[in-house]
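**Student:** Quick one, final20.csv (CSV, C-alpha atoms):
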chain,number,residue,atom,x,y,z
E,246,MET,CA,200.0,-6.9,164.9
E,247,SER,CA,199.3,-8.9,161.7
E,248,GLU,CA,197.0,-11.9,161.7
E,249,ARG,CA,199.8,-14.5,161.6
E,250,LEU,CA,201.7,-13.3,164.7
E,251,PRO,CA,199.3,-14.0,167.5
E,252,THR,CA,200.3,-17.7,167.6
E,253,ARG,CA,201.1,-20.0,170.5
E,254,GLU,CA,204.8,-19.1,170.0
E,255,ALA,CA,204.0,-15.3,170.2
E,256,ILE,CA,202.0,-15.8,173.3
E,257,ARG,CA,204.7,-18.0,174.9
E,258,GLU,CA,207.3,-15.3,174.1
E,259,ALA,CA,205.1,-12.6,175.7
E,260,LEU,CA,204.8,-14.6,178.9
E,261,ALA,CA,208.6,-15.2,178.8
E,262,ASP,CA,209.0,-11.4,178.8
E,263,SER,CA,206.6,-10.8,181.6
E,264,ASP,CA,207.5,-9.7,185.1
E,265,VAL,CA,206.3,-13.0,186.6
E,266,PHE,CA,206.8,-15.8,184.1
E,267,GLY,CA,210.1,-14.7,182.6
E,268,ALA,CA,211.9,-17.3,184.8
E,269,LEU,CA,210.0,-20.3,183.4
E,270,GLU,CA,211.4,-22.8,180.9
E,271,ASP,CA,210.0,-23.1,177.4
E,272,ASN,CA,208.2,-26.3,178.1
E,273,GLU,CA,206.6,-24.8,181.3
E,274,LEU,CA,205.4,-21.8,179.3
E,275,GLU,CA,204.0,-24.0,176.6
E,276,ARG,CA,201.9,-25.8,179.2
E,277,LEU,CA,200.6,-22.4,180.5
E,278,VAL,CA,199.6,-21.3,177.1
E,279,GLY,CA,197.3,-24.3,176.9
E,280,TYR,CA,195.2,-23.0,179.7
E,281,GLY,CA,194.3,-19.6,178.2
E,282,ARG,CA,191.8,-18.2,175.7
E,283,ARG,CA,191.5,-15.2,173.4
E,284,VAL,CA,189.0,-12.3,173.7
E,285,ARG,CA,188.5,-9.1,171.6
E,286,HIS,CA,187.4,-5.7,172.9
E,287,PRO,CA,186.6,-2.5,171.0
E,288,PRO,CA,188.4,0.9,171.6
E,289,GLY,CA,187.5,2.6,174.9
E,290,LYS,CA,186.5,-0.7,176.5
E,291,VAL,CA,187.3,-0.8,180.2
E,292,ILE,CA,189.0,-4.2,180.7
E,293,PHE,CA,189.0,-3.9,184.4
E,294,GLN,CA,188.8,-1.2,187.0
E,295,LYS,CA,190.7,-0.5,190.2
E,296,GLY,CA,189.0,-2.6,192.9
E,297,ASP,CA,187.9,-5.4,190.6
E,298,PRO,CA,188.8,-9.0,191.5
E,299,GLY,CA,192.3,-10.0,190.4
E,300,ASP,CA,191.3,-13.2,188.7
E,301,SER,CA,193.3,-13.2,185.5
E,302,LEU,CA,196.5,-12.2,183.6
E,303,MET,CA,196.4,-10.9,180.1
E,304,VAL,CA,198.7,-10.7,177.1
E,305,VAL,CA,198.1,-8.1,174.4
E,306,LEU,CA,198.1,-9.8,171.0
E,307,GLU,CA,196.8,-6.8,169.0
E,308,GLY,CA,196.2,-3.2,169.9
E,309,ARG,CA,197.2,-1.1,173.0
E,310,ILE,CA,196.1,-1.0,176.6
E,311,LYS,CA,196.5,2.0,179.0
E,312,ILE,CA,197.0,1.3,182.7
E,313,GLY,CA,196.2,4.2,185.0
E,314,THR,CA,194.3,5.5,187.9
E,315,LEU,CA,192.3,8.6,189.0
E,316,SER,CA,193.0,10.8,192.0
E,317,ALA,CA,190.2,12.0,194.3
E,318,GLU,CA,190.1,15.2,192.2
E,319,GLY,CA,189.6,13.2,189.0
E,320,ARG,CA,193.2,13.7,187.7
E,321,GLU,CA,194.5,10.8,185.7
E,322,ALA,CA,197.9,9.2,186.5
E,323,VAL,CA,199.1,7.1,183.6
E,324,LEU,CA,201.2,4.2,184.9
E,325,SER,CA,202.0,2.4,181.6
E,326,PHE,CA,201.0,1.4,178.2
E,327,ILE,CA,200.8,-2.2,177.2
E,328,GLU,CA,201.8,-3.0,173.6
E,329,PRO,CA,201.5,-6.2,171.6
E,330,CYS,CA,203.4,-9.2,173.1
E,331,ARG,CA,203.4,-7.7,176.6
E,332,SER,CA,201.4,-8.9,179.6
E,333,PHE,CA,199.6,-7.1,182.4
E,334,GLY,CA,197.7,-8.1,185.6
E,335,GLU,CA,200.4,-10.3,187.0
E,336,ILE,CA,200.4,-9.1,190.6
E,337,ALA,CA,196.7,-9.3,191.2
E,338,LEU,CA,196.7,-12.7,189.6
E,339,LEU,CA,199.3,-14.0,192.1
E,340,ASP,CA,197.9,-12.5,195.3
E,341,GLY,CA,194.2,-12.7,194.4
E,342,LYS,CA,193.6,-9.2,195.7
E,343,ALA,CA,191.7,-6.4,194.0
E,344,ARG,CA,193.1,-4.7,190.9
E,345,SER,CA,195.3,-1.7,191.8
E,346,ALA,CA,194.6,0.3,188.7
E,347,ASP,CA,192.3,0.6,185.6
E,348,ALA,CA,193.0,-1.0,182.3
E,349,THR,CA,191.4,0.5,179.2
E,350,ALA,CA,191.6,-0.4,175.5
E,351,VAL,CA,193.1,2.6,173.6
E,352,THR,CA,192.5,0.8,170.3
E,353,ALA,CA,190.6,-2.3,169.3
E,354,VAL,CA,192.5,-5.1,171.1
E,355,GLU,CA,192.8,-8.9,171.1
E,356,LEU,CA,193.9,-10.4,174.5
E,357,PHE,CA,195.1,-13.8,175.6
E,358,VAL,CA,193.6,-14.4,179.1
E,359,LEU,CA,194.9,-16.8,181.8
E,360,ARG,CA,192.6,-17.4,184.8
E,361,ARG,CA,194.1,-17.3,188.3
E,362,ALA,CA,192.7,-20.6,189.3
E,363,ASP,CA,194.6,-22.3,186.4
E,364,VAL,CA,197.8,-20.5,187.0
E,365,MET,CA,197.8,-21.2,190.8
E,366,SER,CA,197.0,-24.9,190.2
E,367,PHE,CA,200.0,-25.1,187.8
E,368,ILE,CA,202.4,-23.5,190.3
E,369,GLU,CA,201.2,-25.8,193.1
E,370,ARG,CA,202.1,-28.8,190.9
E,371,HIS,CA,205.5,-27.3,190.2
E,372,PRO,CA,206.6,-25.6,193.5
E,373,GLY,CA,210.2,-24.8,192.2
E,374,ILE,CA,208.7,-22.3,189.9
E,375,ALA,CA,207.6,-20.2,192.8
E,376,LEU,CA,211.2,-19.4,193.8
E,377,ARG,CA,212.0,-18.2,190.3
E,378,ILE,CA,208.9,-16.0,190.3
E,379,ILE,CA,210.0,-14.4,193.5
E,380,GLY,CA,213.2,-13.3,191.9
E,381,MET,CA,211.3,-11.7,189.0
E,382,LEU,CA,209.0,-9.8,191.4
E,383,CYS,CA,212.0,-8.5,193.3
E,384,ALA,CA,213.4,-7.0,190.0
E,385,LYS,CA,210.0,-5.4,189.4
E,386,LEU,CA,210.0,-3.9,192.9
E,387,ARG,CA,213.4,-2.3,192.3
E,388,ARG,CA,212.1,-0.6,189.2
E,389,THR,CA,209.0,0.6,191.0
E,390,THR,CA,211.2,2.1,193.7
E,391,GLU,CA,213.1,4.1,191.1
E,392,MET,CA,209.8,5.6,189.8
E,393,VAL,CA,208.8,6.6,193.3
E,394,GLU,CA,212.1,8.3,193.8
E,395,ASP,CA,211.5,10.3,190.7
E,396,HIS,CA,208.3,11.7,192.1
E,397,VAL,CA,209.7,12.4,195.6
E,398,LEU,CA,213.3,13.5,195.0
E,399,HIS,CA,213.7,14.8,191.5
E,400,GLN,CA,212.8,18.2,190.1
E,401,MET,CA,210.5,18.6,187.1
E,402,GLU,CA,213.2,18.7,184.4
E,403,ALA,CA,214.9,15.5,185.7
E,404,ARG,CA,211.6,13.7,186.2
E,405,ILE,CA,210.6,14.2,182.6
E,406,ALA,CA,214.1,13.3,181.4
E,407,ARG,CA,214.1,10.1,183.4
E,408,ALA,CA,210.6,9.2,182.1
E,409,LEU,CA,211.8,9.7,178.5
E,410,LEU,CA,214.8,7.5,179.2
E,411,ARG,CA,212.6,4.7,180.6
E,412,LEU,CA,210.3,4.9,177.6
E,413,ALA,CA,213.3,4.8,175.3
E,414,GLU,CA,214.7,1.7,177.1
E,415,ASP,CA,211.4,-0.1,176.6
E,416,TYR,CA,210.3,1.3,173.2
E,417,GLY,CA,213.4,3.0,171.7
E,418,VAL,CA,214.6,2.3,168.2
E,419,SER,CA,217.8,3.7,166.8
E,420,CYS,CA,217.3,5.9,163.7
E,421,GLY,CA,219.3,8.5,161.7
E,422,ASP,CA,218.1,11.3,164.0
E,423,GLY,CA,218.9,9.6,167.3
E,424,LEU,CA,216.7,7.4,169.4
E,425,ARG,CA,213.0,7.3,168.5
E,426,ILE,CA,210.4,6.2,171.1
E,427,GLU,CA,208.1,3.9,169.2
E,428,LEU,CA,205.1,4.8,171.4
E,429,ARG,CA,202.6,7.6,170.5
E,430,LEU,CA,202.0,9.7,173.6
E,431,SER,CA,200.0,12.9,174.1
E,432,GLN,CA,201.6,15.4,176.4
E,433,ARG,CA,198.7,14.8,178.8
E,434,GLU,CA,199.6,11.1,178.9
E,435,LEU,CA,203.3,11.9,179.4
E,436,GLY,CA,202.2,14.2,182.2
E,437,GLY,CA,200.2,11.4,183.7
E,438,ILE,CA,203.3,9.2,183.7
E,439,VAL,CA,205.5,11.8,185.5
E,440,GLY,CA,202.8,13.2,187.7
E,441,LEU,CA,202.9,16.7,186.2
E,442,ALA,CA,200.4,19.0,184.5
E,443,ARG,CA,200.3,18.9,180.7
E,444,GLU,CA,201.3,22.5,180.5
E,445,ASN,CA,204.5,21.9,182.4
E,446,VAL,CA,205.4,18.9,180.2
E,447,ASN,CA,204.6,21.0,177.1
E,448,ARG,CA,206.8,23.8,178.3
E,449,GLN,CA,209.8,21.5,179.1
E,450,LEU,CA,209.5,19.6,175.8
E,451,ALA,CA,209.3,22.8,173.8
E,452,ASP,CA,212.5,24.0,175.6
E,453,TRP,CA,214.4,20.8,174.7
E,454,ARG,CA,213.1,20.9,171.2
E,455,GLY,CA,214.4,24.5,170.8
E,456,ARG,CA,217.8,23.4,172.1
E,457,GLY,CA,217.9,20.5,169.6
E,458,LEU,CA,217.8,17.8,172.2
E,459,LEU,CA,214.6,16.1,170.8
E,460,THR,CA,212.1,16.4,168.1
E,461,MET,CA,208.3,15.6,168.1
E,462,ALA,CA,206.1,14.5,165.3
E,463,ARG,CA,202.6,13.0,165.5
E,464,GLY,CA,202.9,12.1,169.1
E,465,THR,CA,206.3,10.4,168.6
E,466,ILE,CA,209.4,11.7,170.4
E,467,THR,CA,212.9,11.3,169.1
E,468,LEU,CA,215.8,11.9,171.4
E,469,ARG,CA,218.4,13.6,169.2
E,470,ASP,CA,220.9,13.9,172.0
E,471,PRO,CA,220.2,11.0,174.5
E,472,GLU,CA,223.5,11.8,176.3
E,473,ALA,CA,222.3,15.3,177.1
E,474,ILE,CA,219.0,13.9,178.4
E,475,ARG,CA,220.9,11.5,180.6
E,476,ARG,CA,222.9,14.3,182.1
E,477,ILE,CA,219.8,16.2,182.8
E,478,ALA,CA,218.3,13.2,184.5
E,479,ALA,CA,221.4,12.6,186.6
E,480,ALA,CA,221.8,16.3,187.6
E,481,GLY,CA,218.3,16.4,189.0
E,482,GLY,CA,219.2,13.8,191.6
Once you've parsed the file, please lay out its structure as structure tokens.

**Tutor:**
Amino acid sequence: MSERLPTREAIREALADSDVFGALEDNELERLVGYGRRVRHPPGKVIFQKGDPGDSLMVVLEGRIKIGTLSAEGREAVLSFIEPCRSFGEIALLDGKARSADATAVTAVELFVLRRADVMSFIERHPGIALRIIGMLCAKLRRTTEMVEDHVLHQMEARIARALLRLAEDYGVSCGDGLRIELRLSQRELGGIVGLARENVNRQLADWRGRGLLTMARGTITLRDPEAIRRIAAAGG
């Protein structure tokens, strides 16, 4: 993100797009922005680890954050990537419990940080906001349920297809070749998202590339035939 974009307005818009504060009015968001501060971290910095206190919410102003966790065997599960103008850490901020995953800076990052104590004090002074936040959390729960269904009910091909469609919904940009996912992902990272080994993901993507359904270049995937990918996702259910 360029130097002129991380303004109060950009921070307010990021909070408006979050899973928790999207139901707030502009004037309420503006007041929240006044409580926060900015911090910078270098690439590779662990912002927080699973089990750490959930004492803050963060908005990415510059750079990229990876949210993930490790299995007992040391295998990484990538839950999401947080790009500029997106927030993370909302749930732990609200319930005050330990973080449920790790957050690591993939690149150098600048973050806007809101402390839990300030947010809870703000909500207590405006109790009507709590009901709107509940609605936003219910929508997030529905999306999480869909992801769990992918892992439990769908076969490998459908799981990868559904993951690509979710990424396209969040990061997709229409282009001459189809729908380009504006998020650089290694096949290991995509495997972490769908819970499959890198080799399986590589084999499936190579098959779709050979069939002309997608192209890959420098970690970026373009869905050349999104409808075919949707049919594969639906057939796996």

**Student:** For a quick check of your reading of the model, name the residues lying within 9 Å of the coordinate (211.6, 19.0, 183.9), counting all atoms listed in the file, and write them as an mmCIF file with C-alpha atoms, in the coordinates of the input.

**Tutor:**
data_model
loop_
_atom_site.group_PDB
_atom_site.id
_atom_site.type_symbol
_atom_site.label_atom_id
_atom_site.label_comp_id
_atom_site.auth_asym_id
_atom_site.auth_seq_id
_atom_site.Cartn_x
_atom_site.Cartn_y
_atom_site.Cartn_z
ATOM 1 C CA HIS E 399 213.700 14.800 191.500
ATOM 2 C CA GLN E 400 212.800 18.200 190.100
ATOM 3 C CA MET E 401 210.500 18.600 187.100
ATOM 4 C CA GLU E 402 213.200 18.700 184.400
ATOM 5 C CA ALA E 403 214.900 15.500 185.700
ATOM 6 C CA ARG E 404 211.600 13.700 186.200
ATOM 7 C CA ILE E 405 210.600 14.200 182.600
ATOM 8 C CA ALA E 406 214.100 13.300 181.400
ATOM 9 C CA ASN E 445 204.500 21.900 182.400
ATOM 10 C CA VAL E 446 205.400 18.900 180.200
ATOM 11 C CA ARG E 448 206.800 23.800 178.300
ATOM 12 C CA GLN E 449 209.800 21.500 179.100
ATOM 13 C CA LEU E 450 209.500 19.600 175.800
ATOM 14 C CA ILE E 477 219.800 16.200 182.800
ATOM 15 C CA ALA E 478 218.300 13.200 184.500
ATOM 16 C CA GLY E 481 218.300 16.400 189.000
#

**Student:** Find the residues around segment 271-273 of chain E up to 12 Å (all atoms listed in the file counted), leave out those fewer than 4 positions away in its own chain, and share them as an MDAnalysis selection string.

**Tutor:** chainID E and resid 253:254 256:262 266:267 277:280 364 367:368 370:371 373:374

**Student:** Which is closer to Gly380 of chain E than all the others in E:Val265, E:Ile474, E:Leu428, E:Leu441, using only C-alpha atoms?

**Tutor:**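 Closest to Gly380 of chain E of all the choices is E:Val265.
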
**Student:** Take atom CA of Val323 of chain E and atom CA of Gln432 of chain E and report the distance between them in Å, one decimal.

**Tutor:**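 A separation of 11.3 Å between them.
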
**Student:** Do you know which residues are at most 7 Å from Cys330 of chain E counting all atoms listed in the file, after dropping those on the same chain fewer than 2 positions away, and could you put them as a list of chain:residue names?

**Tutor:**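 Residues near the query, excluding close chain neighbours: E:Ala255, E:Ile256, E:Ala259, E:Val304, E:Val305, E:Leu306, E:Glu328, E:Ser332.
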
**Student:** Take the selection from the previous step and output its residues with C-alpha atoms, as a PDB file, keeping the file's coordinate frame.

**Tutor:**
ATOM      1  CA  ALA E 255     204.000 -15.300 170.200  1.00  0.00           C
ATOM      2  CA  ILE E 256     202.000 -15.800 173.300  1.00  0.00           C
ATOM      3  CA  ALA E 259     205.100 -12.600 175.700  1.00  0.00           C
ATOM      4  CA  VAL E 304     198.700 -10.700 177.100  1.00  0.00           C
ATOM      5  CA  VAL E 305     198.100  -8.100 174.400  1.00  0.00           C
ATOM      6  CA  LEU E 306     198.100  -9.800 171.000  1.00  0.00           C
ATOM      7  CA  GLU E 328     201.800  -3.000 173.600  1.00  0.00           C
ATOM      8  CA  SER E 332     201.400  -8.900 179.600  1.00  0.00           C
TER       9      SER E 332
END

**Student:** For a quick check of understanding, using only C-alpha atoms, which of E:Val351, E:Ile466, E:Leu409, E:Ile438 has the smallest distance to Glu307 of chain E?

**Tutor:** E:Val351

**Student:** Please determine, counting all atoms listed in the file, which residue among E:Ile312, E:Leu410, E:Ala451, E:Leu359 has the shortest atom-to-atom distance to Leu274 of chain E.

**Tutor:**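 Closest residue, counting all atoms listed in the file: E:Leu359.
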
**Student:** Mind pulling up the distance from atom CA of Lys295 of chain E to atom CA of Ala343 of chain E?

**Tutor:**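 Atom CA of Ala343 of chain E sits 7.1 Å away from atom CA of Lys295 of chain E.
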
**Student:** Which residue gives the smallest distance to Leu430 of chain E among E:Gly464, E:Gly457, E:Gly334, E:Pro372, with only C-alpha atoms counted?

**Tutor:**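 Checking each of E:Gly464, E:Gly457, E:Gly334, E:Pro372 against Leu430 of chain E, counting only C-alpha atoms, the winner is E:Gly464.
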